[in-house]
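For reference, start_31.cif is printed below; it contains mmCIF, C-alpha atoms.
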data_structure
loop_
_atom_site.label_atom_id
_atom_site.label_comp_id
_atom_site.auth_asym_id
_atom_site.auth_seq_id
_atom_site.Cartn_x
_atom_site.Cartn_y
_atom_site.Cartn_z
CA MET A 1 0.00 0.00 0.00
CA LYS A 2 1.25 3.52 -0.78
CA GLN A 3 2.69 5.71 1.92
CA LEU A 4 0.06 7.89 3.63
CA GLN A 5 0.46 11.55 2.70
CA ASN A 6 -2.28 13.50 4.48
CA PRO A 7 -4.68 13.27 7.45
CA ARG A 8 -7.62 12.25 5.25
CA GLN A 9 -5.77 9.15 4.16
CA LEU A 10 -5.11 8.28 7.80
CA ARG A 11 -8.77 8.71 8.69
CA GLY A 12 -9.72 6.63 5.65
CA LEU A 13 -7.51 3.85 6.93
CA GLU A 14 -9.19 4.14 10.34
CA ILE A 15 -12.59 3.66 8.67
CA LEU A 16 -11.31 0.57 6.85
CA SER A 17 -9.97 -0.92 10.09
CA GLU A 18 -13.48 -1.05 11.59
CA PRO A 19 -15.79 -3.95 10.66
CA ASP A 20 -18.67 -3.58 8.18
CA THR A 21 -18.01 0.08 7.36
CA ILE A 22 -18.03 -0.24 3.54
CA ARG A 23 -20.84 -1.84 1.57
CA ALA A 24 -20.66 -2.29 -2.21
CA VAL A 25 -23.80 -1.27 -4.14
CA SER A 26 -22.34 -1.87 -7.61
CA ASN A 27 -18.95 -2.05 -9.28
CA ASN A 28 -18.66 1.75 -9.12
CA GLU A 29 -20.71 2.74 -6.07
CA TRP A 30 -20.30 2.11 -2.32
CA LEU A 31 -21.97 3.14 0.90
CA VAL A 32 -19.54 4.15 3.66
CA ARG A 33 -20.73 4.35 7.24
CA SER A 34 -20.06 7.67 9.00
CA GLN A 35 -17.48 7.51 11.79
CA ASN A 36 -19.84 9.23 14.23
CA GLY A 37 -22.53 6.65 13.44
CA ASN A 38 -24.98 9.11 11.86
CA GLY A 39 -25.97 7.42 8.59
CA GLU A 40 -23.95 6.58 5.48
CA TYR A 41 -22.33 8.47 2.60
CA ALA A 42 -22.42 7.38 -1.03
CA VAL A 43 -19.04 7.11 -2.78
CA SER A 44 -18.97 6.66 -6.56
CA ARG A 45 -16.43 6.68 -9.36
CA ALA A 46 -16.61 7.32 -13.13
CA ARG A 47 -14.10 6.47 -15.85
CA VAL A 48 -12.40 9.34 -17.66
CA GLY A 49 -10.12 9.60 -20.65
CA HIS A 50 -10.11 7.91 -24.02
CA ARG A 51 -9.13 4.45 -22.73
CA GLY A 52 -10.95 4.74 -19.43
CA TYR A 53 -8.02 3.68 -17.25
CA LYS A 54 -8.51 6.53 -14.74
CA PHE A 55 -11.40 7.43 -12.45
CA THR A 56 -12.91 10.54 -10.96
CA TRP A 57 -14.30 10.09 -7.46
CA SER A 58 -17.17 11.79 -5.66
CA CYS A 59 -18.82 11.57 -2.25
CA THR A 60 -22.00 12.93 -0.69
CA CYS A 61 -20.28 13.98 2.55
CA PRO A 62 -20.00 17.72 3.48
CA ASP A 63 -16.20 17.68 3.29
CA TYR A 64 -16.20 16.67 -0.39
CA LYS A 65 -19.02 19.04 -1.30
CA TYR A 66 -17.34 22.01 0.37
CA ARG A 67 -13.70 21.41 -0.73
CA ASN A 68 -14.23 19.26 -3.85
CA THR A 69 -11.27 17.03 -2.97
CA ASP A 70 -10.93 13.39 -2.07
CA CYS A 71 -12.34 12.86 1.41
CA LYS A 72 -11.67 10.15 4.00
CA HIS A 73 -14.60 8.07 2.68
CA ILE A 74 -13.12 8.01 -0.82
CA TYR A 75 -9.73 7.02 0.55
CA ALA A 76 -11.36 4.25 2.61
CA VAL A 77 -12.93 2.78 -0.55
CA GLN A 78 -9.66 3.10 -2.51
CA PHE A 79 -7.73 1.34 0.26
CA SER A 80 -10.39 -1.36 0.33
CA LEU A 81 -10.03 -1.98 -3.42
CA GLU A 82 -6.22 -2.08 -3.19
CA LEU A 83 -6.40 -4.52 -0.28
CA LYS A 84 -8.81 -6.74 -2.18
CA LYS A 85 -6.49 -6.73 -5.20
CA ASP A 86 -3.48 -7.67 -3.06
CA ILE A 87 -5.37 -10.55 -1.44
CA GLU A 88 -6.51 -11.90 -4.81
CA GLN A 89 -2.97 -11.74 -6.21
CA GLN A 90 -1.53 -13.46 -3.14
CA SER A 91 -4.21 -16.16 -3.31
CA ALA A 92 -3.46 -16.71 -7.01
CA ARG A 93 0.24 -17.16 -6.24
CA GLN A 94 -0.51 -19.67 -3.49
CA THR A 95 -2.92 -21.72 -5.60
CA ALA A 96 -0.82 -21.63 -8.76
CA PRO A 97 0.36 -25.10 -9.83
CA GLN A 98 3.82 -25.83 -8.47
CA THR A 99 6.51 -27.23 -10.73
CA VAL A 100 7.29 -30.78 -9.69
CA THR A 101 10.16 -32.67 -11.21
CA VAL A 102 9.53 -36.37 -11.65
CA ALA A 103 12.61 -38.20 -12.83
CA LEU A 104 11.30 -41.60 -13.89
CA CYS A 105 8.11 -43.59 -14.12
CA PRO A 106 8.17 -46.27 -11.37
CA ALA A 107 6.71 -48.86 -13.76
CA CYS A 108 8.85 -48.54 -16.91
CA GLY A 109 11.55 -46.04 -15.99
CA SER A 110 10.53 -43.50 -18.63
CA GLY A 111 11.03 -39.79 -18.14
CA GLN A 112 7.95 -38.88 -20.22
CA VAL A 113 5.77 -38.00 -17.23
CA ILE A 114 2.90 -35.50 -17.13
CA ARG A 115 0.26 -34.39 -14.64
CA ARG A 116 -3.01 -36.34 -14.72
CA GLY A 117 -5.53 -35.00 -12.25
CA VAL A 118 -5.56 -35.35 -8.50
CA ARG A 119 -6.29 -38.17 -6.12
CA LYS A 120 -8.54 -37.52 -3.13
CA THR A 121 -7.34 -38.96 0.16
CA SER A 122 -8.72 -38.87 3.67
CA TYR A 123 -6.45 -35.92 4.53
CA GLY A 124 -6.39 -33.90 1.30
CA GLU A 125 -5.60 -34.11 -2.41
CA ALA A 126 -2.46 -35.58 -3.95
CA GLN A 127 -1.18 -34.73 -7.43
CA ARG A 128 -1.44 -37.70 -9.79
CA PHE A 129 1.01 -38.24 -12.65
CA GLY A 130 0.85 -40.34 -15.78
CA CYS A 131 3.49 -41.92 -17.99
CA LYS A 132 3.09 -41.17 -21.70
CA ASP A 133 4.95 -44.33 -22.68
CA CYS A 134 3.26 -47.07 -20.64
CA GLY A 135 0.16 -45.24 -19.37
CA HIS A 136 0.95 -45.98 -15.72
CA ARG A 137 -0.58 -43.54 -13.22
CA PHE A 138 1.03 -42.84 -9.89
CA THR A 139 1.50 -40.30 -7.11
CA LEU A 140 4.80 -39.15 -5.66
CA ASP A 141 5.91 -40.83 -2.48
CA THR A 142 6.61 -38.04 0.00
CA GLY A 143 7.37 -40.49 2.78
CA PHE A 144 3.79 -41.10 3.90
CA LYS A 145 2.62 -43.51 1.20
CA ASN A 146 0.16 -46.16 2.47
CA MET A 147 -0.03 -44.43 5.85
CA LYS A 148 -3.52 -44.36 7.31
CA HIS A 149 -3.22 -41.05 9.14
CA ASP A 150 -2.54 -37.48 8.13
CA PRO A 151 1.21 -36.66 7.82
CA LYS A 152 0.63 -33.63 10.07
CA VAL A 153 -0.65 -35.94 12.81
CA ILE A 154 2.29 -38.32 12.39
CA THR A 155 4.89 -35.54 12.53
CA LEU A 156 3.06 -34.01 15.51
CA ALA A 157 3.54 -37.30 17.36
CA LEU A 158 7.27 -37.26 16.54
CA ASP A 159 7.66 -33.70 17.75
CA LEU A 160 5.78 -34.32 21.01
CA TYR A 161 7.84 -37.43 21.71
CA PHE A 162 11.17 -35.64 21.48
CA LYS A 163 9.85 -32.73 23.52
CA GLY A 164 9.38 -35.10 26.42
CA VAL A 165 5.73 -36.18 26.15
CA SER A 166 5.07 -39.83 26.98
CA LEU A 167 3.49 -42.20 24.48
CA ARG A 168 0.30 -42.47 26.56
CA LYS A 169 -0.04 -38.70 26.64
CA ILE A 170 0.61 -38.45 22.89
CA ALA A 171 -2.23 -40.93 22.25
CA ASP A 172 -4.47 -38.94 24.60
CA HIS A 173 -3.56 -35.66 22.87
CA LEU A 174 -4.45 -37.07 19.43
CA LYS A 175 -7.78 -38.30 20.76
CA GLN A 176 -8.70 -35.02 22.47
CA PHE A 177 -7.68 -32.50 19.85
CA HIS A 178 -7.70 -34.43 16.57
CA GLU A 179 -10.38 -37.10 17.27
CA ILE A 180 -7.92 -39.85 16.33
CA ASP A 181 -8.09 -42.94 18.51
CA VAL A 182 -4.78 -44.82 18.51
CA VAL A 183 -3.08 -47.09 21.02
CA GLN A 184 0.19 -45.93 22.55
CA THR A 185 2.24 -48.36 20.44
CA THR A 186 1.13 -46.65 17.22
CA PRO A 187 3.17 -43.44 17.75
CA MET A 188 6.18 -45.62 18.61
CA ARG A 189 5.86 -47.45 15.27
CA TRP A 190 5.78 -44.09 13.49
CA ILE A 191 8.84 -42.93 15.40
CA LYS A 192 10.86 -46.07 14.59
CA LYS A 193 9.86 -45.97 10.92
CA TYR A 194 10.90 -42.37 10.27
CA LEU A 195 13.92 -42.16 12.53
CA LYS A 196 15.56 -44.97 10.61
CA LEU A 197 14.92 -43.06 7.35
CA LEU A 198 16.20 -39.74 8.72
CA ALA A 199 19.28 -41.26 10.34
CA GLN A 200 20.36 -42.68 6.97
CA TYR A 201 19.68 -39.35 5.26
CA VAL A 202 21.71 -37.13 7.59
CA GLU A 203 24.75 -39.40 7.38
CA ARG A 204 25.34 -38.14 3.83
CA HIS A 205 26.17 -34.59 4.91
CA LYS A 206 29.41 -33.30 6.42
CA ALA A 207 29.15 -30.57 9.04
CA GLU A 208 31.35 -27.46 8.94
CA VAL A 209 32.24 -27.16 12.62
CA GLY A 210 34.78 -25.39 14.79
CA LYS A 211 38.02 -26.54 16.38
CA ILE A 212 36.84 -27.09 19.96
CA TRP A 213 34.71 -30.13 20.79
CA HIS A 214 33.18 -31.26 24.05
CA SER A 215 32.57 -34.85 25.13
CA ASP A 216 30.65 -36.26 28.06
CA GLU A 217 28.68 -39.35 29.06
CA MET A 218 25.46 -39.97 30.96
CA THR A 219 23.57 -43.04 32.18
CA MET A 220 20.50 -44.62 30.57
CA PHE A 221 18.28 -47.27 32.15
CA ILE A 222 17.94 -50.28 29.83
CA LYS A 223 15.42 -53.07 30.39
CA LYS A 224 17.31 -56.35 30.45
CA ASN A 225 16.12 -59.87 31.25
CA GLY A 226 17.10 -60.94 34.73
CA GLU A 227 18.16 -57.41 35.74
CA LYS A 228 16.05 -55.07 37.87
CA LYS A 229 18.24 -52.03 37.32
CA TYR A 230 20.62 -52.16 34.38
CA TYR A 231 22.32 -48.96 33.22
CA GLU A 232 24.30 -48.25 30.09
CA TRP A 233 26.14 -45.14 28.93
CA ILE A 234 25.22 -42.51 26.35
CA TRP A 235 28.27 -40.68 24.93
CA ASN A 236 27.80 -37.25 23.36
CA VAL A 237 30.38 -35.28 21.36
CA MET A 238 29.41 -31.67 20.54
CA ASP A 239 31.05 -28.82 18.63
CA ALA A 240 31.34 -25.65 20.72
CA LYS A 241 30.93 -23.19 17.82
CA THR A 242 27.83 -24.55 16.09
CA ARG A 243 26.34 -26.69 18.93
CA TYR A 244 26.23 -29.50 16.38
CA LEU A 245 25.93 -32.93 18.00
CA LEU A 246 28.66 -34.84 16.19
CA ALA A 247 28.17 -38.20 17.88
CA CYS A 248 25.71 -40.00 20.13
CA GLN A 249 26.56 -43.59 21.05
CA VAL A 250 25.40 -46.17 23.60
CA THR A 251 27.86 -48.57 25.27
CA GLU A 252 27.65 -51.04 28.14
CA SER A 253 30.83 -49.80 29.86
CA ARG A 254 33.29 -46.88 29.95
CA PHE A 255 36.55 -48.43 28.87
CA VAL A 256 38.94 -47.02 26.26
CA GLU A 257 37.37 -48.95 23.39
CA ASP A 258 33.96 -47.61 24.44
CA ALA A 259 35.19 -44.01 24.51
CA GLN A 260 36.62 -44.42 21.01
CA LYS A 261 33.24 -45.24 19.42
CA PRO A 262 31.71 -41.74 19.69
CA LEU A 263 35.04 -40.19 18.67
CA GLN A 264 35.04 -42.32 15.52
CA GLN A 265 31.48 -41.23 14.75
CA ALA A 266 32.45 -37.59 15.27
CA LYS A 267 35.38 -37.94 12.85
CA ALA A 268 33.03 -39.39 10.22
CA ALA A 269 30.56 -36.51 10.63
CA THR A 270 33.07 -33.79 9.70
CA ASN A 271 36.31 -33.26 7.83
CA THR A 272 37.78 -31.07 10.60
CA ARG A 273 40.42 -32.17 13.11
CA PRO A 274 39.85 -30.37 16.43
CA TYR A 275 42.43 -28.36 18.32
CA ALA A 276 40.89 -29.41 21.63
CA ILE A 277 38.46 -32.05 22.88
CA VAL A 278 37.27 -30.95 26.32
CA THR A 279 36.41 -33.81 28.70
CA ASP A 280 36.01 -34.51 32.39
CA GLY A 281 38.43 -36.66 34.37
CA LEU A 282 37.33 -40.06 33.06
CA ARG A 283 40.47 -42.16 32.70
CA ALA A 284 39.38 -43.67 29.37
CA TYR A 285 39.54 -40.34 27.52
CA PRO A 286 43.31 -39.69 27.30
CA GLN A 287 44.12 -42.97 25.56
CA ALA A 288 40.95 -42.99 23.44
CA ILE A 289 41.61 -39.47 22.08
CA LYS A 290 45.26 -40.30 21.52
CA ASN A 291 44.31 -43.43 19.55
CA GLU A 292 41.95 -41.47 17.29
CA PHE A 293 43.54 -38.02 16.90
CA TYR A 294 47.25 -38.17 17.76
CA ASP A 295 49.27 -36.64 14.92
CA PRO A 296 52.95 -35.65 15.46
CA GLU A 297 52.83 -33.35 12.40
CA ALA A 298 49.73 -31.43 13.43
CA LEU A 299 49.72 -28.00 15.07
CA VAL A 300 48.26 -29.63 18.19
CA VAL A 301 49.73 -33.10 18.47
CA ASN A 302 47.24 -34.41 21.04
CA PRO A 303 43.98 -32.39 21.21
CA HIS A 304 42.83 -33.74 24.58
CA LEU A 305 42.03 -31.04 27.17
CA ARG A 306 41.07 -32.35 30.60
CA LEU A 307 39.04 -30.08 32.86
CA LYS A 308 40.65 -28.93 36.09
CA ASP A 309 37.26 -28.35 37.76
CA PHE A 310 33.67 -27.47 36.84
CA GLU A 311 34.02 -23.70 37.29
CA THR A 312 37.23 -22.72 35.46
CA LYS A 313 36.95 -22.06 31.73
CA PRO A 314 36.99 -23.91 29.46
CA ASN A 315 34.25 -25.98 31.06
CA ASN A 316 31.81 -28.61 29.84
CA ASN A 317 28.64 -26.59 30.45
CA ILE A 318 27.32 -26.74 26.88
CA VAL A 319 27.42 -30.53 26.72
CA GLU A 320 26.00 -30.74 30.24
CA ARG A 321 23.09 -28.65 28.95
CA LEU A 322 22.73 -31.15 26.12
CA ASN A 323 22.51 -33.94 28.69
CA GLY A 324 19.69 -31.97 30.29
CA THR A 325 17.83 -31.98 26.97
CA PHE A 326 18.22 -35.76 26.84
CA ARG A 327 16.88 -36.08 30.39
CA GLU A 328 13.79 -34.06 29.43
CA ARG A 329 12.95 -37.02 27.21
CA THR A 330 14.22 -39.89 29.38
CA LYS A 331 12.62 -38.75 32.66
CA VAL A 332 9.14 -39.79 31.39
CA MET A 333 10.42 -43.20 30.22
CA ARG A 334 10.69 -46.12 32.62
CA SER A 335 13.38 -47.67 30.44
CA LEU A 336 14.46 -48.51 26.91
CA PRO A 337 13.68 -52.12 25.89
CA ASP A 338 17.09 -53.21 24.61
CA GLN A 339 20.37 -52.15 23.02
CA ILE A 340 18.88 -51.72 19.53
CA SER A 341 16.15 -49.40 20.81
CA ALA A 342 18.74 -47.41 22.75
CA ASN A 343 20.79 -46.82 19.60
CA GLU A 344 17.64 -45.88 17.67
CA PHE A 345 16.73 -43.45 20.44
CA CYS A 346 20.15 -41.81 20.28
CA ALA A 347 19.98 -41.50 16.49
CA GLY A 348 16.58 -39.85 16.80
CA MET A 349 17.75 -37.43 19.46
CA GLN A 350 20.68 -36.52 17.23
CA VAL A 351 18.32 -35.70 14.33
CA TYR A 352 15.99 -33.74 16.61
CA TYR A 353 18.76 -31.75 18.28
CA ASN A 354 20.68 -30.92 15.08
CA TYR A 355 17.89 -30.30 12.57
CA ILE A 356 14.56 -29.68 14.31
CA ARG A 357 15.11 -27.92 17.62
CA PRO A 358 16.08 -24.20 17.46
CA HIS A 359 18.90 -23.30 19.85
CA GLN A 360 18.83 -20.06 21.86
CA GLY A 361 22.61 -20.05 22.17
CA ILE A 362 22.95 -19.59 18.38
CA GLU A 363 20.22 -16.94 17.92
CA GLY A 364 17.32 -19.32 17.34
CA LEU A 365 18.97 -21.27 14.53
CA THR A 366 19.43 -25.02 14.44
CA PRO A 367 22.93 -26.51 14.74
CA ALA A 368 22.58 -27.86 11.19
CA GLN A 369 22.05 -24.32 9.89
CA MET A 370 25.11 -23.10 11.78
CA ALA A 371 27.13 -26.01 10.34
CA ASN A 372 26.12 -25.03 6.75
CA ILE A 373 24.41 -28.33 6.02
CA PRO A 374 22.44 -27.84 2.76
CA ILE A 375 19.05 -28.95 4.06
CA ASN A 376 16.48 -26.14 3.91
CA LEU A 377 13.77 -26.81 6.48
CA SER A 378 10.80 -24.49 6.99
CA GLY A 379 7.29 -24.74 8.37
CA ASN A 380 6.73 -28.30 9.55
CA ARG A 381 10.41 -29.24 9.77
CA TRP A 382 9.70 -32.92 10.46
CA MET A 383 7.51 -33.26 7.36
CA THR A 384 9.91 -31.34 5.12
CA MET A 385 12.85 -33.46 6.24
CA ILE A 386 10.95 -36.72 5.72
CA GLU A 387 9.99 -35.64 2.18
CA LEU A 388 13.59 -34.71 1.37
CA ALA A 389 14.88 -38.00 2.77
CA THR A 390 12.32 -39.98 0.75
CA LYS A 391 13.15 -38.17 -2.51
CA SER A 392 16.87 -38.69 -2.01
#

Kindly return the structure encoded in the file as structure tokens.
Amino acid sequence: MKQLQNPRQLRGLEILSEPDTIRAVSNNEWLVRSQNGNGEYAVSRARVGHRGYKFTWSCTCPDYKYRNTDCKHIYAVQFSLELKKDIEQQSARQTAPQTVTVALCPACGSGQVIRRGVRKTSYGEAQRFGCKDCGHRFTLDTGFKNMKHDPKVITLALDLYFKGVSLRKIADHLKQFHEIDVVQTTPMRWIKKYLKLLAQYVERHKAEVGKIWHSDEMTMFIKKNGEKKYYEWIWNVMDAKTRYLLACQVTESRFVEDAQKPLQQAKAATNTRPYAIVTDGLRAYPQAIKNEFYDPEALVVNPHLRLKDFETKPNNNIVERLNGTFRERTKVMRSLPDQISANEFCAGMQVYYNYIRPHQGIEGLTPAQMANIPINLSGNRWMTMIELATKS
């Protein structure tokens, strides 16, 4: 909308901001309610010029009759028409057909693919395509093919789970607010299905991280036959600059070979060799870091940096905060069933922390954005990432 230039334009905008103040009589005539509530004024326009592209405006109010200039009622109608035009143009852009690239027909492998109508589903319409060579019709698999429920509901369950909501409460939430009656094992099946897909997808990208890493470990209760209380260890390795979680591994013990597993995963996630890996006083770290990163020709031969205490900088506060994020999820879980589920849980937390959850310490961005990973997520980040993973 144009910049306001005089008080009448401001008052015209005030009229437009109130409900039911302008009523169209015809394409060129409107009734505008008086601001003091005493009746209405008739605003009209007439085309002028040879081509009729311009209009002259008139109003029955005293201001227009006395000064013969555009009054606030005329400006209110003009603003209303401009606003209507903007809304129509925006709606046309949103409903315009999007260009979708389909590489090959799934039946014959041909690239001669065109649009052929839409397919109605229980949660919306899906674009249907047809092959010009074999006649096969199909829809694109965005990751939710043959799923009974709406993708928004499925990704909502994923998001609630990693924000610390229990499976029973997720099922109750879906029943209360979306009228979807599922048992508590259904969200867990969704979680397992898509976390496996996303974990494979994110392994393809290398993170651009800094030179200082932090490593720490925390306990996790695992359900094991014959054991009432059986704990294993979750190892986390994080980059200080981007907050990117480079590694998340589960081991039964804390020996040197156990400490090396997350360090190996961190090396695979980036092409950068750190100047320092900050750890606590666990005795397994010095040898494990030496085995993985010792280089006599490097600027820093051995990057291990052991903390003197918990107060002096550098400290391990950022990875301790990460452990707190993990505990937000684990505190509502009695246990994890077995080793495989524990590793799946860690892979899911890694995806959630790096790609989905905005981080206040990096100005509301995700660690993946800070690490320049070329995955553009917007809106429903879970759904967008699942679609990208499926297409890849």

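From atom CA of A:Ala284 back to atom CA of A:Gln260, the distance works out to 8.8 Å.
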
Please provide as a VMD selection string all residues within 12 Å of A:Lys163, with the sequence filter that same-chain residues fewer than 3 positions apart are discarded (counting all atoms listed in the file).
chain A and resid 156 to 160 166 to 167 169 to 170 324 to 332 348 to 349 352 to 353 356 to 357

Give me, as JSON lines, each residue of stretch 135-250 of chain A that comes within 9 Å of stretch 373-384 of chain A, together with its shortest interatomic pair and the distance in Å at one decimal, counting only C-alpha atoms, with rows ordered by chain and rising residue number.
{"residue": "A:Thr142", "atom": "CA", "partner": "A:Met383", "partner_atom": "CA", "distance": 8.8}
{"residue": "A:Gly143", "atom": "CA", "partner": "A:Met383", "partner_atom": "CA", "distance": 8.6}
{"residue": "A:Pro151", "atom": "CA", "partner": "A:Met383", "partner_atom": "CA", "distance": 7.2}
{"residue": "A:Lys152", "atom": "CA", "partner": "A:Met383", "partner_atom": "CA", "distance": 7.4}
{"residue": "A:Ile154", "atom": "CA", "partner": "A:Met383", "partner_atom": "CA", "distance": 8.8}
{"residue": "A:Thr155", "atom": "CA", "partner": "A:Trp382", "partner_atom": "CA", "distance": 5.9}
{"residue": "A:Leu156", "atom": "CA", "partner": "A:Trp382", "partner_atom": "CA", "distance": 8.4}
{"residue": "A:Leu158", "atom": "CA", "partner": "A:Trp382", "partner_atom": "CA", "distance": 7.9}
{"residue": "A:Asp159", "atom": "CA", "partner": "A:Trp382", "partner_atom": "CA", "distance": 7.6}
{"residue": "A:His205", "atom": "CA", "partner": "A:Ile373", "partner_atom": "CA", "distance": 6.6}
{"residue": "A:Lys206", "atom": "CA", "partner": "A:Ile373", "partner_atom": "CA", "distance": 7.1}
{"residue": "A:Ala207", "atom": "CA", "partner": "A:Ile373", "partner_atom": "CA", "distance": 6.1}
{"residue": "A:Glu208", "atom": "CA", "partner": "A:Ile373", "partner_atom": "CA", "distance": 7.6}

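Remark: for A:Glu14, the closest of the candidate residues A:Leu246, A:Val77, A:Cys61, A:Val43 is A:Val77 (distances computed over all atoms listed in the file).
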
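For the choices A:Val32, A:Glu232, A:Tyr355, A:Ile289, the atom-to-atom distance to A:Leu198 is smallest for A:Tyr355 when using only C-alpha atoms.
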
When distances are computed from only C-alpha atoms, which of A:Asp70, A:Glu257, A:Glu297, A:Glu29 shows the smallest separation from A:Arg283?
A:Glu257

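Proximity to A:Gly135 at 12 Å, evaluated using only C-alpha atoms and with sequence-adjacent residues fewer than 6 positions away removed, yields Cys105, Pro106, Ala107, Cys108, Gly109, Ser110, Gln112, Val113, Ile114, Arg115, Arg116 and Phe129 of chain A.
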
Generate the output file for the selected residues, C-alpha atoms, as an mmCIF file, keeping the file's coordinate frame.
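Listed below is the output, selection-v4.cif:
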data_model
loop_
_atom_site.group_PDB
_atom_site.id
_atom_site.type_symbol
_atom_site.label_atom_id
_atom_site.label_comp_id
_atom_site.auth_asym_id
_atom_site.auth_seq_id
_atom_site.Cartn_x
_atom_site.Cartn_y
_atom_site.Cartn_z
ATOM 1 C CA CYS A 105 8.110 -43.590 -14.120
ATOM 2 C CA PRO A 106 8.170 -46.270 -11.370
ATOM 3 C CA ALA A 107 6.710 -48.860 -13.760
ATOM 4 C CA CYS A 108 8.850 -48.540 -16.910
ATOM 5 C CA GLY A 109 11.550 -46.040 -15.990
ATOM 6 C CA SER A 110 10.530 -43.500 -18.630
ATOM 7 C CA GLN A 112 7.950 -38.880 -20.220
ATOM 8 C CA VAL A 113 5.770 -38.000 -17.230
ATOM 9 C CA ILE A 114 2.900 -35.500 -17.130
ATOM 10 C CA ARG A 115 0.260 -34.390 -14.640
ATOM 11 C CA ARG A 116 -3.010 -36.340 -14.720
ATOM 12 C CA PHE A 129 1.010 -38.240 -12.650
#

For the provided coordinates, the residues matched by the PyMOL selection byres ((chain A and resi 389) around 9) should be stated as a PyMOL selection string.
chain A and resi 142-143+197-198+200-202+384-388+390-392

Selection from above, C-alpha atoms, as a CSV table (one decimal), keeping the file's coordinate frame, can you write it?
chain,number,residue,atom,x,y,z
A,142,THR,CA,6.6,-38.0,0.0
A,143,GLY,CA,7.4,-40.5,2.8
A,197,LEU,CA,14.9,-43.1,7.4
A,198,LEU,CA,16.2,-39.7,8.7
A,200,GLN,CA,20.4,-42.7,7.0
A,201,TYR,CA,19.7,-39.4,5.3
A,202,VAL,CA,21.7,-37.1,7.6
A,384,THR,CA,9.9,-31.3,5.1
A,385,MET,CA,12.8,-33.5,6.2
A,386,ILE,CA,11.0,-36.7,5.7
A,387,GLU,CA,10.0,-35.6,2.2
A,388,LEU,CA,13.6,-34.7,1.4
A,390,THR,CA,12.3,-40.0,0.8
A,391,LYS,CA,13.2,-38.2,-2.5
A,392,SER,CA,16.9,-38.7,-2.0

Neighbours of point (26.5, -27.8, 19.3) within 12 Å, using only C-alpha atoms, written as number ranges by chain:
A: 207-215, 236-247, 316-323, 350, 353-355, 357-362, 365-371

Point-to-point distance from atom CA of A:Gly281 to atom CA of A:Glu217, Å rounded to tenths
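Spanning atom CA of A:Gly281 to atom CA of A:Glu217 is a straight-line distance of 11.4 Å.
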
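Using all atoms listed in the file, the set of residues no farther than 6 Å from the position (28.6, -40.1, 6.9) comprises Glu203, Arg204, Ala268 and Ala269 of chain A.
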
Rounded to one decimal, what separation in Å do you get between atom CA of A:Phe144 and atom CA of A:Val250?
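For atom CA of A:Phe144 relative to atom CA of A:Val250, the distance reads 29.7 Å.
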
Which centre and which edge lengths, in Å to one decimal, describe the axis-aligned box that holds all listed atoms of stretch 29-47 of chain A after 6 Å is added on each side, as AutoDock Vina command-line options?
--center_x -20.0 --center_y 5.7 --center_z -0.8 --size_x 23.9 --size_y 19.1 --size_z 42.1

May I ask which of the residues A:Lys72, A:Lys85, A:Arg33, A:His173 is the closest one to A:Gln9, counting all atoms listed in the file?
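Of the candidates, the smallest distance to A:Gln9 is held by A:Lys72.
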
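Distance check against A:Trp233 using all atoms listed in the file: of A:Ala342, A:Thr121, A:Val182, A:Trp190, the minimum falls on A:Ala342.
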
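The closest residue to A:Leu83, picked from A:Gly111, A:Leu13, A:Tyr294, A:Val183 and counting only C-alpha atoms, is A:Leu13.
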
Residue members of the PyMOL selection byres ((chain A and resi 27) around 12) in the file shown, as a PyMOL selection string
chain A and resi 23-26+28-31+43-47+77+81

Preceding selection exported with C-alpha atoms as a PDB file, keeping the file's coordinate frame:
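New file result.pdb:
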ATOM      1  CA  ARG A  23     -20.840  -1.840   1.570  1.00  0.00           C
ATOM      2  CA  ALA A  24     -20.660  -2.290  -2.210  1.00  0.00           C
ATOM      3  CA  VAL A  25     -23.800  -1.270  -4.140  1.00  0.00           C
ATOM      4  CA  SER A  26     -22.340  -1.870  -7.610  1.00  0.00           C
ATOM      5  CA  ASN A  28     -18.660   1.750  -9.120  1.00  0.00           C
ATOM      6  CA  GLU A  29     -20.710   2.740  -6.070  1.00  0.00           C
ATOM      7  CA  TRP A  30     -20.300   2.110  -2.320  1.00  0.00           C
ATOM      8  CA  LEU A  31     -21.970   3.140   0.900  1.00  0.00           C
ATOM      9  CA  VAL A  43     -19.040   7.110  -2.780  1.00  0.00           C
ATOM     10  CA  SER A  44     -18.970   6.660  -6.560  1.00  0.00           C
ATOM     11  CA  ARG A  45     -16.430   6.680  -9.360  1.00  0.00           C
ATOM     12  CA  ALA A  46     -16.610   7.320 -13.130  1.00  0.00           C
ATOM     13  CA  ARG A  47     -14.100   6.470 -15.850  1.00  0.00           C
ATOM     14  CA  VAL A  77     -12.930   2.780  -0.550  1.00  0.00           C
ATOM     15  CA  LEU A  81     -10.030  -1.980  -3.420  1.00  0.00           C
TER      16      LEU A  81
END

Selected by the PyMOL selection byres ((chain A and resi 300-309) around 10) in the shown coordinates: which residues, as a ChimeraX atom specification?
/A:211-214,273-282,285-299,310-316

Shell around A:Thr69 at 9 Å using only C-alpha atoms, local window under 5 positions removed, as a list in words:
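Counting only the stated atoms, we get Trp57, Ser58, Asp63 and Tyr64 of chain A.
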
Take the selection from the previous step and output its residues with C-alpha atoms, as a PDB file, keeping the file's coordinate frame.
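Okay, this is what ended up in selection_39.pdb:
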ATOM      1  CA  TRP A  57     -14.300  10.090  -7.460  1.00  0.00           C
ATOM      2  CA  SER A  58     -17.170  11.790  -5.660  1.00  0.00           C
ATOM      3  CA  ASP A  63     -16.200  17.680   3.290  1.00  0.00           C
ATOM      4  CA  TYR A  64     -16.200  16.670  -0.390  1.00  0.00           C
TER       5      TYR A  64
END
